[in-house]
Amino acid sequence: MDLNQRDRSSFRNTRVGYPSKRARGRRWWKILVPLLLACGVLAALGVTDYWVNHSKIYPGVSVGDLSLGGKTPEEARKVLEQRTEELKEIKLTGPQQFTISSDKLGVNFDVQSSVDQAYAVGRQGDLLKRISDRLEATWGTVYTPLAVSYKRQQLQDGLSDVFTALTAEPVDAGFRFDGDGVSVTKSQTGMQVEKDKLLDDIEAGLLEGRGEYEVPVITQEPKLTTQEAEKLKPTTVLARYRTDYRETSDKSKERVENLSIASNAVSGRALAPGDVFSMVDVTSPLSYNKTSVIINGVEDKADGGGLCQ
């Protein structure tokens, strides 16, 4: 029985494929040595990175469109002060050019907070966050916003003059009758600012340090443009009529004024083919002087004397 136990023990120690303690030790060293070397390299890189970028903003960090990587906070502050000085005036382009002070818009820039945000990249948060930010800055760009304060309503109030200047109702072309000739009065395209779109653009642009914006407008064409009116302009006189108000018994100033009121209301009216003109509809709503009229064959006084002529 003792012999069988020794045989089994010998068999276990000599099984095919079972590694010895020495072999297992060599395997662990093959894993540990590269791992230790990698950790050493990373540690060396970390120390080198720390001393190279000590008291400096990490490379690849920008505030808006300004690259501040490699600069000390003081150097970054000077760069941002110059940019915010340029942003004291906001320029608007589009149908017209406008320049508005940032004070009028209620916009204030905080340079120190902007510098602090840029310097904090790669230095705040847990270890994983710091490593992630550093890698992103190394292989790309980390953008931090320009620290700015404003109120949307004050932005809109500060742009009120722009909205007024760029707001117009569409005006149709018309015809003006001068003696025997006819001229066209010009049409005007309507225009309105897309206020919310402009405000959204300015709010986003301020964080980027932008100082110039294009004003978005919606246009509305008139029903009758100048070009269309020129094509429709009448060029032939169809009829002419003349009357002499002096050949009447009433030559008073009031009667002459009634004739002017009515004729001015009719003058310059243009009719398209198929339109109907009513003298009564045009002249009856107006106010006239009381002068001589003939009612039932008898001369009397009434408003609008002279209109029949």
# chains A, B, ... in the order shown; residues from 1 in each chain; ligands from 1

$ residues_around --residues "A:Val148" --least-positions-apart "6" --cutoff "12 Å" --atoms "only C-alpha atoms" --output "PDB file with all heavy atoms, in the first residue's frame"
ATOM      1  N   VAL A  63      -9.015  79.750 -25.410  1.00  0.00           N
ATOM      2  CA  VAL A  63     -10.197  80.474 -24.943  1.00  0.00           C
ATOM      3  C   VAL A  63     -10.833  81.095 -26.172  1.00  0.00           C
ATOM      4  O   VAL A  63     -10.256  81.988 -26.795  1.00  0.00           O
ATOM      5  CB  VAL A  63      -9.835  81.564 -23.914  1.00  0.00           C
ATOM      6  CG1 VAL A  63     -11.067  82.413 -23.602  1.00  0.00           C
ATOM      7  CG2 VAL A  63      -9.314  80.924 -22.635  1.00  0.00           C
ATOM      8  N   GLY A  64     -12.003  80.602 -26.545  1.00  0.00           N
ATOM      9  CA  GLY A  64     -12.598  81.021 -27.805  1.00  0.00           C
ATOM     10  C   GLY A  64     -11.692  80.582 -28.946  1.00  0.00           C
ATOM     11  O   GLY A  64     -11.307  79.420 -29.040  1.00  0.00           O
ATOM     12  N   THR A  84     -10.610  91.564 -25.460  1.00  0.00           N
ATOM     13  CA  THR A  84     -11.799  92.193 -24.888  1.00  0.00           C
ATOM     14  C   THR A  84     -11.833  93.695 -25.176  1.00  0.00           C
ATOM     15  O   THR A  84     -12.904  94.291 -25.251  1.00  0.00           O
ATOM     16  CB  THR A  84     -11.873  91.945 -23.370  1.00  0.00           C
ATOM     17  OG1 THR A  84     -10.665  92.388 -22.742  1.00  0.00           O
ATOM     18  CG2 THR A  84     -12.095  90.474 -23.083  1.00  0.00           C
ATOM     19  N   LEU A  87     -13.455  93.965 -28.348  1.00  0.00           N
ATOM     20  CA  LEU A  87     -14.879  93.629 -28.253  1.00  0.00           C
ATOM     21  C   LEU A  87     -15.701  94.725 -27.580  1.00  0.00           C
ATOM     22  O   LEU A  87     -16.892  94.526 -27.333  1.00  0.00           O
ATOM     23  CB  LEU A  87     -15.052  92.317 -27.483  1.00  0.00           C
ATOM     24  CG  LEU A  87     -14.526  91.066 -28.188  1.00  0.00           C
ATOM     25  CD1 LEU A  87     -14.643  89.858 -27.280  1.00  0.00           C
ATOM     26  CD2 LEU A  87     -15.279  90.819 -29.485  1.00  0.00           C
ATOM     27  N   SER A 102     -20.370  97.564 -26.539  1.00  0.00           N
ATOM     28  CA  SER A 102     -20.776  96.444 -25.687  1.00  0.00           C
ATOM     29  C   SER A 102     -21.438  96.950 -24.407  1.00  0.00           C
ATOM     30  O   SER A 102     -22.268  96.258 -23.813  1.00  0.00           O
ATOM     31  CB  SER A 102     -19.561  95.580 -25.355  1.00  0.00           C
ATOM     32  OG  SER A 102     -18.531  96.354 -24.756  1.00  0.00           O
ATOM     33  N   GLY A 106     -25.007  95.881 -22.633  1.00  0.00           N
ATOM     34  CA  GLY A 106     -24.937  95.306 -21.290  1.00  0.00           C
ATOM     35  C   GLY A 106     -24.001  94.115 -21.196  1.00  0.00           C
ATOM     36  O   GLY A 106     -24.205  93.229 -20.357  1.00  0.00           O
ATOM     37  N   VAL A 107     -22.960  94.080 -22.019  1.00  0.00           N
ATOM     38  CA  VAL A 107     -22.035  92.943 -22.068  1.00  0.00           C
ATOM     39  C   VAL A 107     -20.779  93.269 -21.255  1.00  0.00           C
ATOM     40  O   VAL A 107     -20.159  94.316 -21.453  1.00  0.00           O
ATOM     41  CB  VAL A 107     -21.646  92.615 -23.521  1.00  0.00           C
ATOM     42  CG1 VAL A 107     -20.607  91.510 -23.552  1.00  0.00           C
ATOM     43  CG2 VAL A 107     -22.881  92.214 -24.319  1.00  0.00           C
ATOM     44  N   ASN A 108     -20.401  92.369 -20.355  1.00  0.00           N
ATOM     45  CA  ASN A 108     -19.206  92.547 -19.533  1.00  0.00           C
ATOM     46  C   ASN A 108     -18.339  91.293 -19.611  1.00  0.00           C
ATOM     47  O   ASN A 108     -18.846  90.166 -19.532  1.00  0.00           O
ATOM     48  CB  ASN A 108     -19.593  92.801 -18.071  1.00  0.00           C
ATOM     49  CG  ASN A 108     -20.345  94.108 -17.902  1.00  0.00           C
ATOM     50  OD1 ASN A 108     -19.792  95.184 -18.104  1.00  0.00           O
ATOM     51  ND2 ASN A 108     -21.614  94.023 -17.537  1.00  0.00           N
ATOM     52  N   PHE A 109     -17.028  91.490 -19.765  1.00  0.00           N
ATOM     53  CA  PHE A 109     -16.090  90.376 -19.885  1.00  0.00           C
ATOM     54  C   PHE A 109     -15.272  90.242 -18.614  1.00  0.00           C
ATOM     55  O   PHE A 109     -14.845  91.239 -18.030  1.00  0.00           O
ATOM     56  CB  PHE A 109     -15.161  90.602 -21.085  1.00  0.00           C
ATOM     57  CG  PHE A 109     -15.882  90.725 -22.395  1.00  0.00           C
ATOM     58  CD1 PHE A 109     -16.158  91.977 -22.932  1.00  0.00           C
ATOM     59  CD2 PHE A 109     -16.300  89.601 -23.074  1.00  0.00           C
ATOM     60  CE1 PHE A 109     -16.824  92.099 -24.136  1.00  0.00           C
ATOM     61  CE2 PHE A 109     -16.978  89.704 -24.278  1.00  0.00           C
ATOM     62  CZ  PHE A 109     -17.242  90.959 -24.808  1.00  0.00           C
ATOM     63  N   ASP A 110     -15.055  88.996 -18.190  1.00  0.00           N
ATOM     64  CA  ASP A 110     -14.259  88.695 -16.995  1.00  0.00           C
ATOM     65  C   ASP A 110     -12.980  87.981 -17.446  1.00  0.00           C
ATOM     66  O   ASP A 110     -12.955  86.760 -17.636  1.00  0.00           O
ATOM     67  CB  ASP A 110     -15.066  87.812 -16.044  1.00  0.00           C
ATOM     68  CG  ASP A 110     -14.392  87.660 -14.687  1.00  0.00           C
ATOM     69  OD1 ASP A 110     -13.163  87.878 -14.608  1.00  0.00           O
ATOM     70  OD2 ASP A 110     -15.092  87.319 -13.719  1.00  0.00           O
ATOM     71  N   VAL A 111     -11.922  88.750 -17.617  1.00  0.00           N
ATOM     72  CA  VAL A 111     -10.667  88.208 -18.134  1.00  0.00           C
ATOM     73  C   VAL A 111     -10.051  87.219 -17.158  1.00  0.00           C
ATOM     74  O   VAL A 111      -9.577  86.139 -17.551  1.00  0.00           O
ATOM     75  CB  VAL A 111      -9.678  89.358 -18.434  1.00  0.00           C
ATOM     76  CG1 VAL A 111      -8.306  88.797 -18.793  1.00  0.00           C
ATOM     77  CG2 VAL A 111     -10.199  90.219 -19.575  1.00  0.00           C
ATOM     78  N   GLN A 112     -10.055  87.545 -15.868  1.00  0.00           N
ATOM     79  CA  GLN A 112      -9.413  86.677 -14.885  1.00  0.00           C
ATOM     80  C   GLN A 112     -10.081  85.305 -14.837  1.00  0.00           C
ATOM     81  O   GLN A 112      -9.404  84.269 -14.768  1.00  0.00           O
ATOM     82  CB  GLN A 112      -9.440  87.325 -13.502  1.00  0.00           C
ATOM     83  CG  GLN A 112      -8.635  86.560 -12.453  1.00  0.00           C
ATOM     84  CD  GLN A 112      -7.169  86.411 -12.853  1.00  0.00           C
ATOM     85  OE1 GLN A 112      -6.499  87.387 -13.166  1.00  0.00           O
ATOM     86  NE2 GLN A 112      -6.666  85.174 -12.845  1.00  0.00           N
ATOM     87  N   SER A 113     -11.409  85.275 -14.872  1.00  0.00           N
ATOM     88  CA  SER A 113     -12.121  83.988 -14.861  1.00  0.00           C
ATOM     89  C   SER A 113     -11.795  83.176 -16.112  1.00  0.00           C
ATOM     90  O   SER A 113     -11.683  81.951 -16.062  1.00  0.00           O
ATOM     91  CB  SER A 113     -13.632  84.217 -14.761  1.00  0.00           C
ATOM     92  OG  SER A 113     -13.976  84.775 -13.518  1.00  0.00           O
ATOM     93  N   SER A 114     -11.634  83.866 -17.243  1.00  0.00           N
ATOM     94  CA  SER A 114     -11.280  83.172 -18.489  1.00  0.00           C
ATOM     95  C   SER A 114      -9.910  82.529 -18.377  1.00  0.00           C
ATOM     96  O   SER A 114      -9.702  81.387 -18.815  1.00  0.00           O
ATOM     97  CB  SER A 114     -11.307  84.161 -19.661  1.00  0.00           C
ATOM     98  OG  SER A 114     -12.583  84.744 -19.827  1.00  0.00           O
ATOM     99  N   ILE A 202     -25.338  86.130 -31.436  1.00  0.00           N
ATOM    100  CA  ILE A 202     -24.497  87.005 -30.613  1.00  0.00           C
ATOM    101  C   ILE A 202     -24.134  86.310 -29.303  1.00  0.00           C
ATOM    102  O   ILE A 202     -22.986  86.366 -28.846  1.00  0.00           O
ATOM    103  CB  ILE A 202     -25.205  88.347 -30.344  1.00  0.00           C
ATOM    104  CG1 ILE A 202     -25.313  89.154 -31.645  1.00  0.00           C
ATOM    105  CG2 ILE A 202     -24.450  89.151 -29.289  1.00  0.00           C
ATOM    106  CD1 ILE A 202     -26.078  90.451 -31.508  1.00  0.00           C
ATOM    107  N   GLU A 203     -25.110  85.643 -28.688  1.00  0.00           N
ATOM    108  CA  GLU A 203     -24.833  84.954 -27.422  1.00  0.00           C
ATOM    109  C   GLU A 203     -23.758  83.878 -27.602  1.00  0.00           C
ATOM    110  O   GLU A 203     -22.856  83.739 -26.766  1.00  0.00           O
ATOM    111  CB  GLU A 203     -26.127  84.323 -26.889  1.00  0.00           C
ATOM    112  CG  GLU A 203     -27.102  85.347 -26.324  1.00  0.00           C
ATOM    113  CD  GLU A 203     -28.365  84.698 -25.796  1.00  0.00           C
ATOM    114  OE1 GLU A 203     -28.743  83.624 -26.307  1.00  0.00           O
ATOM    115  OE2 GLU A 203     -28.976  85.250 -24.874  1.00  0.00           O
ATOM    116  N   ALA A 204     -23.854  83.119 -28.690  1.00  0.00           N
ATOM    117  CA  ALA A 204     -22.844  82.089 -28.953  1.00  0.00           C
ATOM    118  C   ALA A 204     -21.506  82.727 -29.315  1.00  0.00           C
ATOM    119  O   ALA A 204     -20.435  82.261 -28.881  1.00  0.00           O
ATOM    120  CB  ALA A 204     -23.320  81.173 -30.080  1.00  0.00           C
ATOM    121  N   GLY A 205     -21.533  83.806 -30.077  1.00  0.00           N
ATOM    122  CA  GLY A 205     -20.305  84.456 -30.525  1.00  0.00           C
ATOM    123  C   GLY A 205     -19.539  85.133 -29.404  1.00  0.00           C
ATOM    124  O   GLY A 205     -18.304  85.172 -29.429  1.00  0.00           O
ATOM    125  N   LEU A 206     -20.240  85.664 -28.417  1.00  0.00           N
ATOM    126  CA  LEU A 206     -19.557  86.313 -27.300  1.00  0.00           C
ATOM    127  C   LEU A 206     -18.689  85.310 -26.541  1.00  0.00           C
ATOM    128  O   LEU A 206     -17.578  85.634 -26.109  1.00  0.00           O
ATOM    129  CB  LEU A 206     -20.583  86.941 -26.351  1.00  0.00           C
ATOM    130  CG  LEU A 206     -21.312  88.181 -26.875  1.00  0.00           C
ATOM    131  CD1 LEU A 206     -22.396  88.602 -25.904  1.00  0.00           C
ATOM    132  CD2 LEU A 206     -20.341  89.330 -27.122  1.00  0.00           C
ATOM    133  N   LEU A 207     -19.175  84.086 -26.391  1.00  0.00           N
ATOM    134  CA  LEU A 207     -18.400  83.057 -25.703  1.00  0.00           C
ATOM    135  C   LEU A 207     -17.160  82.670 -26.496  1.00  0.00           C
ATOM    136  O   LEU A 207     -16.167  82.205 -25.934  1.00  0.00           O
ATOM    137  CB  LEU A 207     -19.264  81.819 -25.461  1.00  0.00           C
ATOM    138  CG  LEU A 207     -20.506  82.019 -24.587  1.00  0.00           C
ATOM    139  CD1 LEU A 207     -21.306  80.725 -24.504  1.00  0.00           C
ATOM    140  CD2 LEU A 207     -20.122  82.498 -23.194  1.00  0.00           C
ATOM    141  N   GLU A 208     -17.221  82.863 -27.822  1.00  0.00           N
ATOM    142  CA  GLU A 208     -16.085  82.544 -28.688  1.00  0.00           C
ATOM    143  C   GLU A 208     -15.156  83.740 -28.878  1.00  0.00           C
ATOM    144  O   GLU A 208     -14.094  83.607 -29.491  1.00  0.00           O
ATOM    145  CB  GLU A 208     -16.595  82.086 -30.055  1.00  0.00           C
ATOM    146  CG  GLU A 208     -17.473  80.843 -30.000  1.00  0.00           C
ATOM    147  CD  GLU A 208     -18.163  80.565 -31.312  1.00  0.00           C
ATOM    148  OE1 GLU A 208     -17.955  81.358 -32.268  1.00  0.00           O
ATOM    149  OE2 GLU A 208     -18.913  79.579 -31.405  1.00  0.00           O
ATOM    150  N   GLY A 209     -15.582  84.913 -28.397  1.00  0.00           N
ATOM    151  CA  GLY A 209     -14.761  86.110 -28.578  1.00  0.00           C
ATOM    152  C   GLY A 209     -14.953  86.760 -29.927  1.00  0.00           C
ATOM    153  O   GLY A 209     -14.083  87.522 -30.381  1.00  0.00           O
ATOM    154  N   ARG A 210     -16.070  86.493 -30.594  1.00  0.00           N
ATOM    155  CA  ARG A 210     -16.341  87.110 -31.897  1.00  0.00           C
ATOM    156  C   ARG A 210     -16.922  88.505 -31.695  1.00  0.00           C
ATOM    157  O   ARG A 210     -17.729  88.732 -30.805  1.00  0.00           O
ATOM    158  CB  ARG A 210     -17.328  86.275 -32.727  1.00  0.00           C
ATOM    159  CG  ARG A 210     -16.699  85.048 -33.324  1.00  0.00           C
ATOM    160  CD  ARG A 210     -17.604  84.433 -34.392  1.00  0.00           C
ATOM    161  NE  ARG A 210     -18.780  83.815 -33.828  1.00  0.00           N
ATOM    162  CZ  ARG A 210     -20.017  84.124 -34.167  1.00  0.00           C
ATOM    163  NH1 ARG A 210     -20.251  85.093 -35.034  1.00  0.00           N
ATOM    164  NH2 ARG A 210     -21.039  83.484 -33.633  1.00  0.00           N
TER     165      ARG A 210
END

$ closest_residue --among "A:Thr219, A:Ala265, A:Lys290, A:Lys195" --to "A:Ser278" --atoms "only C-alpha atoms"
A:Ala265

$ closest_atom_pairs --of "stretch 79-181 of chain A" --to "stretch 221-237 of chain A" --cutoff "8 Å" --atoms "only C-alpha atoms" --output "JSON lines"
{"residue": "A:Pro170", "atom": "CA", "partner": "A:Pro222", "partner_atom": "CA", "distance": 5.1}
{"residue": "A:Val171", "atom": "CA", "partner": "A:Pro222", "partner_atom": "CA", "distance": 5.7}
{"residue": "A:Asp172", "atom": "CA", "partner": "A:Leu224", "partner_atom": "CA", "distance": 5.0}
{"residue": "A:Ala173", "atom": "CA", "partner": "A:Thr226", "partner_atom": "CA", "distance": 5.3}
{"residue": "A:Gly174", "atom": "CA", "partner": "A:Ala229", "partner_atom": "CA", "distance": 7.0}
{"residue": "A:Phe175", "atom": "CA", "partner": "A:Lys233", "partner_atom": "CA", "distance": 7.4}
{"residue": "A:Asp180", "atom": "CA", "partner": "A:Val237", "partner_atom": "CA", "distance": 7.2}
{"residue": "A:Gly181", "atom": "CA", "partner": "A:Thr235", "partner_atom": "CA", "distance": 7.4}

$ select_by_dssp --residues "stretch 21-208 of chain A" --states "alpha helix (DSSP H)" --output "PyMOL selection string"
chain A and resi 21-52+73-86+111-120+127-139+152-158+160-165+195-208

$ closest_residue --among "A:Leu66, A:Tyr58, A:Ser187, A:Lys71" --to "A:Ala137" --atoms "only C-alpha atoms"
A:Tyr58

$ select_by_dssp --residues "stretch 99-263 of chain A" --states "strand (DSSP E or B)" --output "PyMOL selection string"
chain A and resi 99-101+108-109+142-144+148-149+168+171+174-178+181-185+188+190-193+212-214+217-220

$ residues_around --residues "stretch 256-263 of chain A" --least-positions-apart "6" --cutoff "9 Å" --atoms "only C-alpha atoms" --output "MDAnalysis selection string"
chainID A and resid 245 282:284 286:291 303:307 309

$ atom_distance --atom1 "atom CA of A:Ala120" --atom2 "atom CA of A:Asp201"
27.4 Å

$ closest_residue --among "A:Met279, A:Ile218, A:Ile294, A:Val184" --to "A:Lys197" --atoms "only C-alpha atoms"
A:Ile218

$ atom_distance --atom1 "atom CA of A:Thr189" --atom2 "atom CA of A:Thr167"
10.3 Å

$ residues_around --residues "A:Glu136" --least-positions-apart "3" --cutoff "12 Å" --atoms "only C-alpha atoms" --output "ChimeraX atom specification"
/A:58-61,121-122,129-133,139-143

$ atom_distance --atom1 "atom CA of A:Gln124" --atom2 "atom CA of A:Lys56"
14.3 Å

$ closest_residue --among "A:Glu212, A:Leu105, A:Glu74, A:Asp196" --to "A:Glu86" --atoms "only C-alpha atoms"
A:Glu212

$ residues_around --residues "A:Ala76" --least-positions-apart "5" --cutoff "9 Å" --atoms "only C-alpha atoms" --output "list in words"
Ile57, Leu68, Gly69, Lys71, Glu81, Val115 and Ala118 of chain A

$ write_last_selection --atoms "N, CA, C and O atoms" --output "mmCIF file, in the first residue's frame"
data_model
loop_
_atom_site.group_PDB
_atom_site.id
_atom_site.type_symbol
_atom_site.label_atom_id
_atom_site.label_comp_id
_atom_site.auth_asym_id
_atom_site.auth_seq_id
_atom_site.Cartn_x
_atom_site.Cartn_y
_atom_site.Cartn_z
ATOM 1 N N ILE A 57 -0.238 77.308 -18.945
ATOM 2 C CA ILE A 57 -1.426 76.670 -19.494
ATOM 3 C C ILE A 57 -0.976 75.554 -20.432
ATOM 4 O O ILE A 57 -0.043 75.740 -21.221
ATOM 5 N N LEU A 68 -3.941 79.649 -26.114
ATOM 6 C CA LEU A 68 -3.181 80.124 -24.959
ATOM 7 C C LEU A 68 -2.207 79.079 -24.443
ATOM 8 O O LEU A 68 -1.572 79.272 -23.400
ATOM 9 N N GLY A 69 -2.076 77.965 -25.147
ATOM 10 C CA GLY A 69 -1.186 76.902 -24.708
ATOM 11 C C GLY A 69 0.257 77.361 -24.602
ATOM 12 O O GLY A 69 0.769 78.068 -25.472
ATOM 13 N N LYS A 71 1.446 79.450 -22.430
ATOM 14 C CA LYS A 71 1.559 80.789 -21.848
ATOM 15 C C LYS A 71 1.322 80.721 -20.339
ATOM 16 O O LYS A 71 0.545 79.894 -19.846
ATOM 17 N N GLU A 81 -6.956 90.505 -22.543
ATOM 18 C CA GLU A 81 -7.285 91.926 -22.350
ATOM 19 C C GLU A 81 -7.305 92.660 -23.691
ATOM 20 O O GLU A 81 -8.142 93.526 -23.927
ATOM 21 N N VAL A 115 -8.950 83.237 -17.780
ATOM 22 C CA VAL A 115 -7.600 82.702 -17.591
ATOM 23 C C VAL A 115 -7.638 81.510 -16.637
ATOM 24 O O VAL A 115 -7.001 80.469 -16.887
ATOM 25 N N ALA A 118 -8.893 78.362 -18.339
ATOM 26 C CA ALA A 118 -7.895 77.774 -19.245
ATOM 27 C C ALA A 118 -6.788 77.074 -18.456
ATOM 28 O O ALA A 118 -6.345 75.979 -18.820
#

$ closest_residue --among "A:Gln192, A:Gln117, A:Thr185, A:Asn296" --to "A:Pro145" --atoms "only C-alpha atoms"
A:Gln117

$ residues_around --residues "A:Thr93" --least-positions-apart "6" --cutoff "12 Å" --atoms "only C-alpha atoms" --output "PyMOL selection string"
chain A and resi 99-100+162+166+198+211-217

$ residues_around --residues "A:Gln154" --least-positions-apart "2" --cutoff "9 Å" --atoms "only C-alpha atoms" --output "MDAnalysis selection string"
chainID A and resid 104:107 150:152 156:159

$ write_last_selection --atoms "all heavy atoms" --output "PDB file, in the first residue's frame"
ATOM      1  N   LYS A 104     -23.582  99.412 -24.253  1.00  0.00           N
ATOM      2  CA  LYS A 104     -24.988  99.624 -24.585  1.00  0.00           C
ATOM      3  C   LYS A 104     -25.758  98.308 -24.586  1.00  0.00           C
ATOM      4  O   LYS A 104     -26.949  98.265 -24.264  1.00  0.00           O
ATOM      5  CB  LYS A 104     -25.111 100.309 -25.952  1.00  0.00           C
ATOM      6  CG  LYS A 104     -26.549 100.646 -26.342  1.00  0.00           C
ATOM      7  CD  LYS A 104     -26.609 101.385 -27.658  1.00  0.00           C
ATOM      8  CE  LYS A 104     -28.049 101.739 -28.015  1.00  0.00           C
ATOM      9  NZ  LYS A 104     -28.135 102.474 -29.308  1.00  0.00           N
ATOM     10  N   LEU A 105     -25.073  97.227 -24.943  1.00  0.00           N
ATOM     11  CA  LEU A 105     -25.704  95.905 -24.964  1.00  0.00           C
ATOM     12  C   LEU A 105     -25.683  95.238 -23.588  1.00  0.00           C
ATOM     13  O   LEU A 105     -26.237  94.148 -23.422  1.00  0.00           O
ATOM     14  CB  LEU A 105     -24.995  95.009 -25.977  1.00  0.00           C
ATOM     15  CG  LEU A 105     -25.039  95.480 -27.437  1.00  0.00           C
ATOM     16  CD1 LEU A 105     -24.202  94.543 -28.309  1.00  0.00           C
ATOM     17  CD2 LEU A 105     -26.469  95.548 -27.952  1.00  0.00           C
ATOM     18  N   GLY A 106     -25.007  95.881 -22.633  1.00  0.00           N
ATOM     19  CA  GLY A 106     -24.937  95.306 -21.290  1.00  0.00           C
ATOM     20  C   GLY A 106     -24.001  94.115 -21.196  1.00  0.00           C
ATOM     21  O   GLY A 106     -24.205  93.229 -20.357  1.00  0.00           O
ATOM     22  N   VAL A 107     -22.960  94.080 -22.019  1.00  0.00           N
ATOM     23  CA  VAL A 107     -22.035  92.943 -22.068  1.00  0.00           C
ATOM     24  C   VAL A 107     -20.779  93.269 -21.255  1.00  0.00           C
ATOM     25  O   VAL A 107     -20.159  94.316 -21.453  1.00  0.00           O
ATOM     26  CB  VAL A 107     -21.646  92.615 -23.521  1.00  0.00           C
ATOM     27  CG1 VAL A 107     -20.607  91.510 -23.552  1.00  0.00           C
ATOM     28  CG2 VAL A 107     -22.881  92.214 -24.319  1.00  0.00           C
ATOM     29  N   TYR A 150     -24.182  88.911 -19.424  1.00  0.00           N
ATOM     30  CA  TYR A 150     -25.129  89.766 -20.153  1.00  0.00           C
ATOM     31  C   TYR A 150     -26.542  89.303 -19.833  1.00  0.00           C
ATOM     32  O   TYR A 150     -26.742  88.229 -19.241  1.00  0.00           O
ATOM     33  CB  TYR A 150     -24.893  89.673 -21.665  1.00  0.00           C
ATOM     34  CG  TYR A 150     -25.095  88.284 -22.200  1.00  0.00           C
ATOM     35  CD1 TYR A 150     -26.347  87.846 -22.629  1.00  0.00           C
ATOM     36  CD2 TYR A 150     -24.038  87.380 -22.249  1.00  0.00           C
ATOM     37  CE1 TYR A 150     -26.535  86.558 -23.079  1.00  0.00           C
ATOM     38  CE2 TYR A 150     -24.217  86.096 -22.694  1.00  0.00           C
ATOM     39  CZ  TYR A 150     -25.465  85.685 -23.113  1.00  0.00           C
ATOM     40  OH  TYR A 150     -25.651  84.404 -23.557  1.00  0.00           O
ATOM     41  N   LYS A 151     -27.513  90.102 -20.240  1.00  0.00           N
ATOM     42  CA  LYS A 151     -28.920  89.729 -20.137  1.00  0.00           C
ATOM     43  C   LYS A 151     -29.536  89.823 -21.533  1.00  0.00           C
ATOM     44  O   LYS A 151     -29.346  90.823 -22.226  1.00  0.00           O
ATOM     45  CB  LYS A 151     -29.669  90.638 -19.167  1.00  0.00           C
ATOM     46  CG  LYS A 151     -29.234  90.468 -17.715  1.00  0.00           C
ATOM     47  CD  LYS A 151     -30.043  91.359 -16.791  1.00  0.00           C
ATOM     48  CE  LYS A 151     -29.618  91.158 -15.334  1.00  0.00           C
ATOM     49  NZ  LYS A 151     -30.384  92.038 -14.403  1.00  0.00           N
ATOM     50  N   ARG A 152     -30.255  88.790 -21.912  1.00  0.00           N
ATOM     51  CA  ARG A 152     -30.801  88.727 -23.278  1.00  0.00           C
ATOM     52  C   ARG A 152     -31.722  89.917 -23.564  1.00  0.00           C
ATOM     53  O   ARG A 152     -31.681  90.488 -24.651  1.00  0.00           O
ATOM     54  CB  ARG A 152     -31.558  87.417 -23.478  1.00  0.00           C
ATOM     55  CG  ARG A 152     -32.006  87.188 -24.933  1.00  0.00           C
ATOM     56  CD  ARG A 152     -32.723  85.862 -25.075  1.00  0.00           C
ATOM     57  NE  ARG A 152     -33.207  85.633 -26.423  1.00  0.00           N
ATOM     58  CZ  ARG A 152     -32.555  84.958 -27.359  1.00  0.00           C
ATOM     59  NH1 ARG A 152     -31.383  84.437 -27.096  1.00  0.00           N
ATOM     60  NH2 ARG A 152     -33.085  84.778 -28.562  1.00  0.00           N
ATOM     61  N   GLN A 156     -31.405  92.745 -26.539  1.00  0.00           N
ATOM     62  CA  GLN A 156     -32.467  93.099 -27.486  1.00  0.00           C
ATOM     63  C   GLN A 156     -32.770  94.594 -27.439  1.00  0.00           C
ATOM     64  O   GLN A 156     -32.935  95.227 -28.489  1.00  0.00           O
ATOM     65  CB  GLN A 156     -33.728  92.297 -27.163  1.00  0.00           C
ATOM     66  CG  GLN A 156     -34.885  92.559 -28.114  1.00  0.00           C
ATOM     67  CD  GLN A 156     -36.004  91.555 -27.945  1.00  0.00           C
ATOM     68  OE1 GLN A 156     -35.770  90.396 -27.638  1.00  0.00           O
ATOM     69  NE2 GLN A 156     -37.234  92.006 -28.140  1.00  0.00           N
ATOM     70  N   ASP A 157     -32.816  95.164 -26.238  1.00  0.00           N
ATOM     71  CA  ASP A 157     -33.082  96.604 -26.113  1.00  0.00           C
ATOM     72  C   ASP A 157     -31.967  97.417 -26.764  1.00  0.00           C
ATOM     73  O   ASP A 157     -32.218  98.441 -27.404  1.00  0.00           O
ATOM     74  CB  ASP A 157     -33.213  96.987 -24.641  1.00  0.00           C
ATOM     75  CG  ASP A 157     -34.448  96.380 -23.991  1.00  0.00           C
ATOM     76  OD1 ASP A 157     -35.362  95.952 -24.730  1.00  0.00           O
ATOM     77  OD2 ASP A 157     -34.492  96.307 -22.743  1.00  0.00           O
ATOM     78  N   GLY A 158     -30.715  96.966 -26.608  1.00  0.00           N
ATOM     79  CA  GLY A 158     -29.592  97.689 -27.193  1.00  0.00           C
ATOM     80  C   GLY A 158     -29.574  97.650 -28.708  1.00  0.00           C
ATOM     81  O   GLY A 158     -28.947  98.496 -29.348  1.00  0.00           O
ATOM     82  N   LEU A 159     -30.281  96.662 -29.288  1.00  0.00           N
ATOM     83  CA  LEU A 159     -30.339  96.526 -30.749  1.00  0.00           C
ATOM     84  C   LEU A 159     -31.599  97.147 -31.340  1.00  0.00           C
ATOM     85  O   LEU A 159     -31.861  96.977 -32.532  1.00  0.00           O
ATOM     86  CB  LEU A 159     -30.284  95.040 -31.124  1.00  0.00           C
ATOM     87  CG  LEU A 159     -28.983  94.307 -30.791  1.00  0.00           C
ATOM     88  CD1 LEU A 159     -29.165  92.802 -30.961  1.00  0.00           C
ATOM     89  CD2 LEU A 159     -27.841  94.801 -31.665  1.00  0.00           C
TER      90      LEU A 159
END
